[in-house]
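Notes for the one structure printed next.
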Amino acid sequence: MQLTEVKDPKTVEEFIRTNVELNTGDPNYIRPLDKDIHLVFDEKKNKAFRHGECTRWILKDSDGKLIGRIAAFVNKRYKSKGDDVPVGGIGFFDCINSQEAADMLFDVAKHWLLQRGVEAMDGPINFGERDTWWGLVTQGFHEPLYRMNFNPPYYKTLFENYGFRLFFDQVCFGLDPKKKLTQKLYDRHNSLAANPAFTAMHIRKNNLDKFVKDFTIIYNKAWAGHGGLKQLKEEQVSIMFRQMKK
């Protein structure tokens with residue numbers, strides 16, 4: 001097997017293709033947008049680079065076929081409840097069902113982290129916010145939500161055989177748009193709709209600033225401070241809205 005650090009346009013493209021080639025046969029697989037992956041590793045656009053660094057590798061077999069990938073990162077701002085030693089992260093892990101191949105990927109990431117003073121390895125996580133590319137799927141192997149990790153069931157065994165253990169459970173929910181909502185949601189909507197203090201409307205692209213401000217206020221009142229979630233600034237929301245507009 002041949003391990004290669006991602007350092008040029010060719011290996012950047014192979015890093016993307018590894019995920020595609022290893023998952024294409026799964027009917028539930030939805031290919032992530034290339035731009036969303038590139039954004040994570042763009043020093044000019046990912047603010048995590050202000051306080052950290054990252055690198056990544058691809059793994060090929062003796063015939064030159066892509067069989068795995070991994071990224072490793074350190075971020076001085078990254079800290080989870082219960083951490084009592086410096087923690088680094090690994091993510092964007094993909095691998096064939098081979099413990100030998102997986103161990104090679106985990107080892108290169110571990111050694112890179114050790115060289116940077118890290119004493120514990122958390123993963124799979126994102127190099128950035130926790131709302132994307134976070135966690136290992138261990139139940140519910142259906143179509144992934146947008147910018148959420150997707151992996152086959154055998155990944156759990158690869159991680160645990162290497163020594164990873166459960167740190168916390170992260171639960172993600174989705175709604176089937178073709179199915180009727182539960183009655184309590186309609187009841188809740190009706191009570192709010194009758195209150196003139198509440199209104200709902202579609203976003204109007206020609207007045208994004210208003211909706212950016214409204215979203216920021218509601219998000220911060222509802223979510224900031226829960227589970228480590230931070231306050232959002234209008235500038236951040238404005239960037240997200242304009243990305244969605246494209």
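Order determines the names: the first chain of the structure tokens is A, the second B, and so forth; residues in each chain are numbered 1 upward, and ligands are numbered 1 upward as they are shown.
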
Practice task
Please return as a count of residues only: the residues of stretch 4-63 of chain A that backbone DSSP assigns to strand (DSSP E).
Solution key: 11

Exercise for the section: Could you give me, as a list in words, the residues within 8 Å of stretch 108-112 of chain A, counting only C-alpha atoms and dropping anything in the same chain fewer than 4 positions from it? Expected result: Ile70, Ala71, Ala72, Ile90, Met104, Arg116 and Met121 of chain A

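Nearest residue to A:Ala102 among A:Gly25, A:Pro177, A:Gly163, A:Gly64 is A:Gly163, counting only C-alpha atoms.
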
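Minimum distance to A:Arg31 across A:Phe127, A:Phe150, A:Trp134, A:Phe168 (counting only C-alpha atoms) occurs at A:Phe150.
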
Problem - 9 Å contact set for A:Gln2, only C-alpha atoms, chain neighbours under 6 positions out, as a list in words - result: Ile58, Leu59, Lys60, Asp61, Ser62 and Gly64 of chain A

Please produce a file of those selected residues containing N, CA and C atoms, as an mmCIF file, in the first residue's frame.
```cif
data_model
loop_
_atom_site.group_PDB
_atom_site.id
_atom_site.type_symbol
_atom_site.label_atom_id
_atom_site.label_comp_id
_atom_site.auth_asym_id
_atom_site.auth_seq_id
_atom_site.Cartn_x
_atom_site.Cartn_y
_atom_site.Cartn_z
ATOM 1 N N ILE A 58 -3.976 10.316 1.232
ATOM 2 C CA ILE A 58 -4.741 9.308 0.488
ATOM 3 C C ILE A 58 -3.958 8.013 0.516
ATOM 4 N N LEU A 59 -4.667 6.898 0.405
ATOM 5 C CA LEU A 59 -4.041 5.577 0.439
ATOM 6 C C LEU A 59 -4.423 4.807 -0.816
ATOM 7 N N LYS A 60 -3.428 4.222 -1.479
ATOM 8 C CA LYS A 60 -3.660 3.408 -2.671
ATOM 9 C C LYS A 60 -3.137 1.998 -2.448
ATOM 10 N N ASP A 61 -3.703 1.036 -3.167
ATOM 11 C CA ASP A 61 -3.194 -0.323 -3.080
ATOM 12 C C ASP A 61 -2.027 -0.495 -4.065
ATOM 13 N N SER A 62 -1.519 -1.707 -4.159
ATOM 14 C CA SER A 62 -0.335 -1.956 -4.998
ATOM 15 C C SER A 62 -0.602 -1.729 -6.483
ATOM 16 N N GLY A 64 -2.395 0.848 -7.501
ATOM 17 C CA GLY A 64 -2.670 2.271 -7.667
ATOM 18 C C GLY A 64 -4.122 2.659 -7.496
#
```

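Between atom CA of A:Pro86 and atom CA of A:Gln115 lies a distance of 12.1 Å.
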
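Proximity ranking of A:Phe167, A:Phe141, A:Tyr78, A:Phe159 relative to A:Asp26 places A:Phe141 first, based on only C-alpha atoms.
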
Exercise for the section: Counting only C-alpha atoms, figure out which residue out of A:Lys179, A:Arg130, A:Lys205, A:Arg50 gets nearest to A:Leu229. Expected result: A:Arg130
